[in-house]
Every structure is written in structure tokens, then in C-alpha cells.
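Read the structure below first, then the notes.
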Amino acid sequence: MKHAREIIISPLITEKSSQNHLRHNSYTFKVSVNANKIEIKQAIEKVFNVSVMKVNTICQRGKVKRLGRYTGKRKDWKKAIVKLKAGDKITEFDL
């Protein structure tokens, strides 16, 4: 099994994720592409000491970018939206 810090790459703090946090007690993370929902749930519970109710994952395709005549592609990545049990919160997100 992977280490919890290898699964959770970084939190995603956007306008939409902030609204989700306030309305539904859910948090958004950038996670490893190879991680599944069960591994994500266990990693969040272990690192932040909270109870996870639900995990939704979205696979984001990397954008194709150009610089002059040369084309390249950004990496594909995975986003996880994690809903916590009522009353639980992750203090690192609160500013």
C-alpha cells in the first residue's frame, strides 16, 4: 500500500471548491492518478484525523499547449472531492 502522503498531492482551493466546502462540508484535493476511492478515503482519515462519508473522483485530461510550431501536453491528473461527517472539519483549509 502507498504512503498517505503519496496519495494526497495537494489541496485545491478554488472559488467553486470554497463554495462546496461551505455548503456541503466537502473538500477538494489533487490526488495520485493511480489512487482509488478506498485509498483516498483511508489517506484523508489518517492524515487529517476526520471521518470521510463519501469520495467522488474526476480524471482531468492534460491540456495540449503550443509554443510556436511546437506542441506539447500537460500531465493528466486526478481530483477528489471528499465529503466529511457532520461536525468534522479540516482546519488547514480555514483561513
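Letters for chains follow the order of the C-alpha cells (A, B, ...), residue numbers begin at 1 for each chain, and ligand numbers begin at 1 in the order shown.
Listed by chain and then by rising number, the residues of chain A that DSSP assigns to helix (DSSP H, G or I) from the backbone are Ala4, Arg5, Glu6, Ile7, Glu15, Lys16, Ser17, Ser18, Gln19, Asn20, His21, Leu22, Arg23, His24, Lys37, Ile38, Glu39, Ile40, Lys41, Gln42, Ala43, Ile44, Glu45, Lys46, Val47 and Phe48 of chain A.
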### Message
I want to know what sits within 12 Å of range 60-69 of chain A, based on only C-alpha atoms, with residues of the same chain fewer than 3 positions away left out; could you give that as a PyMOL selection string?
### Response
chain A and resi 30-33+57+72-80
#### Entry: chain A: residues DSSP assigns to strand (DSSP E or B), reported as a ChimeraX atom specification
/A:8-11,26-31,52-60,64-67,70-73,77-84
### Query
Do you know which residues are at most 9 Å from Lys83 in chain A counting only C-alpha atoms, after dropping those on the same chain fewer than 2 positions away, and could you put them as a PyMOL selection string?
chain A and resi 21+24-28+51-56+81+85
Residues as selected, C-alpha atoms, written as a PDB file, in the first residue's frame, can you do that?
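Produced file result07.pdb, reproduced below:
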```pdb
ATOM      1  CA  HIS A  21     -16.861  23.473   1.467  1.00  0.00           C
ATOM      2  CA  HIS A  24     -21.723  20.609   1.795  1.00  0.00           C
ATOM      3  CA  ASN A  25     -18.750  20.183   4.195  1.00  0.00           C
ATOM      4  CA  SER A  26     -16.646  18.794   1.354  1.00  0.00           C
ATOM      5  CA  TYR A  27     -13.002  19.384   0.458  1.00  0.00           C
ATOM      6  CA  THR A  28     -11.174  19.070  -2.859  1.00  0.00           C
ATOM      7  CA  SER A  51     -14.380  10.722   9.225  1.00  0.00           C
ATOM      8  CA  VAL A  52     -14.990  10.555   5.472  1.00  0.00           C
ATOM      9  CA  MET A  53     -18.549   9.860   4.318  1.00  0.00           C
ATOM     10  CA  LYS A  54     -18.137   9.942   0.530  1.00  0.00           C
ATOM     11  CA  VAL A  55     -15.413  10.280  -2.107  1.00  0.00           C
ATOM     12  CA  ASN A  56     -16.002  11.425  -5.699  1.00  0.00           C
ATOM     13  CA  ILE A  81     -13.966  15.683  -3.720  1.00  0.00           C
ATOM     14  CA  LYS A  85     -19.134  13.615   8.503  1.00  0.00           C
TER      15      LYS A  85
END
```
### Task
Identify, on the basis of only C-alpha atoms, every residue whose closest approach to His3 in chain A does not exceed 12 Å; exclude the query and any residue fewer than 2 positions from it along the same chain; express the result as a ChimeraX atom specification.
/A:1,5-9,32,35,39-40,42-44,46-47
### d(CA of Ile58 in chain A, CA of Ser17 in chain A) in Å
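Value for the CA of Ile58 in chain A-CA of Ser17 in chain A distance: 13.6 Å.
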### Query
Separation of CA of Asn49 in chain A and CA of Lys2 in chain A, in Å?
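Separation between CA of Asn49 in chain A and CA of Lys2 in chain A: 17.9 Å.
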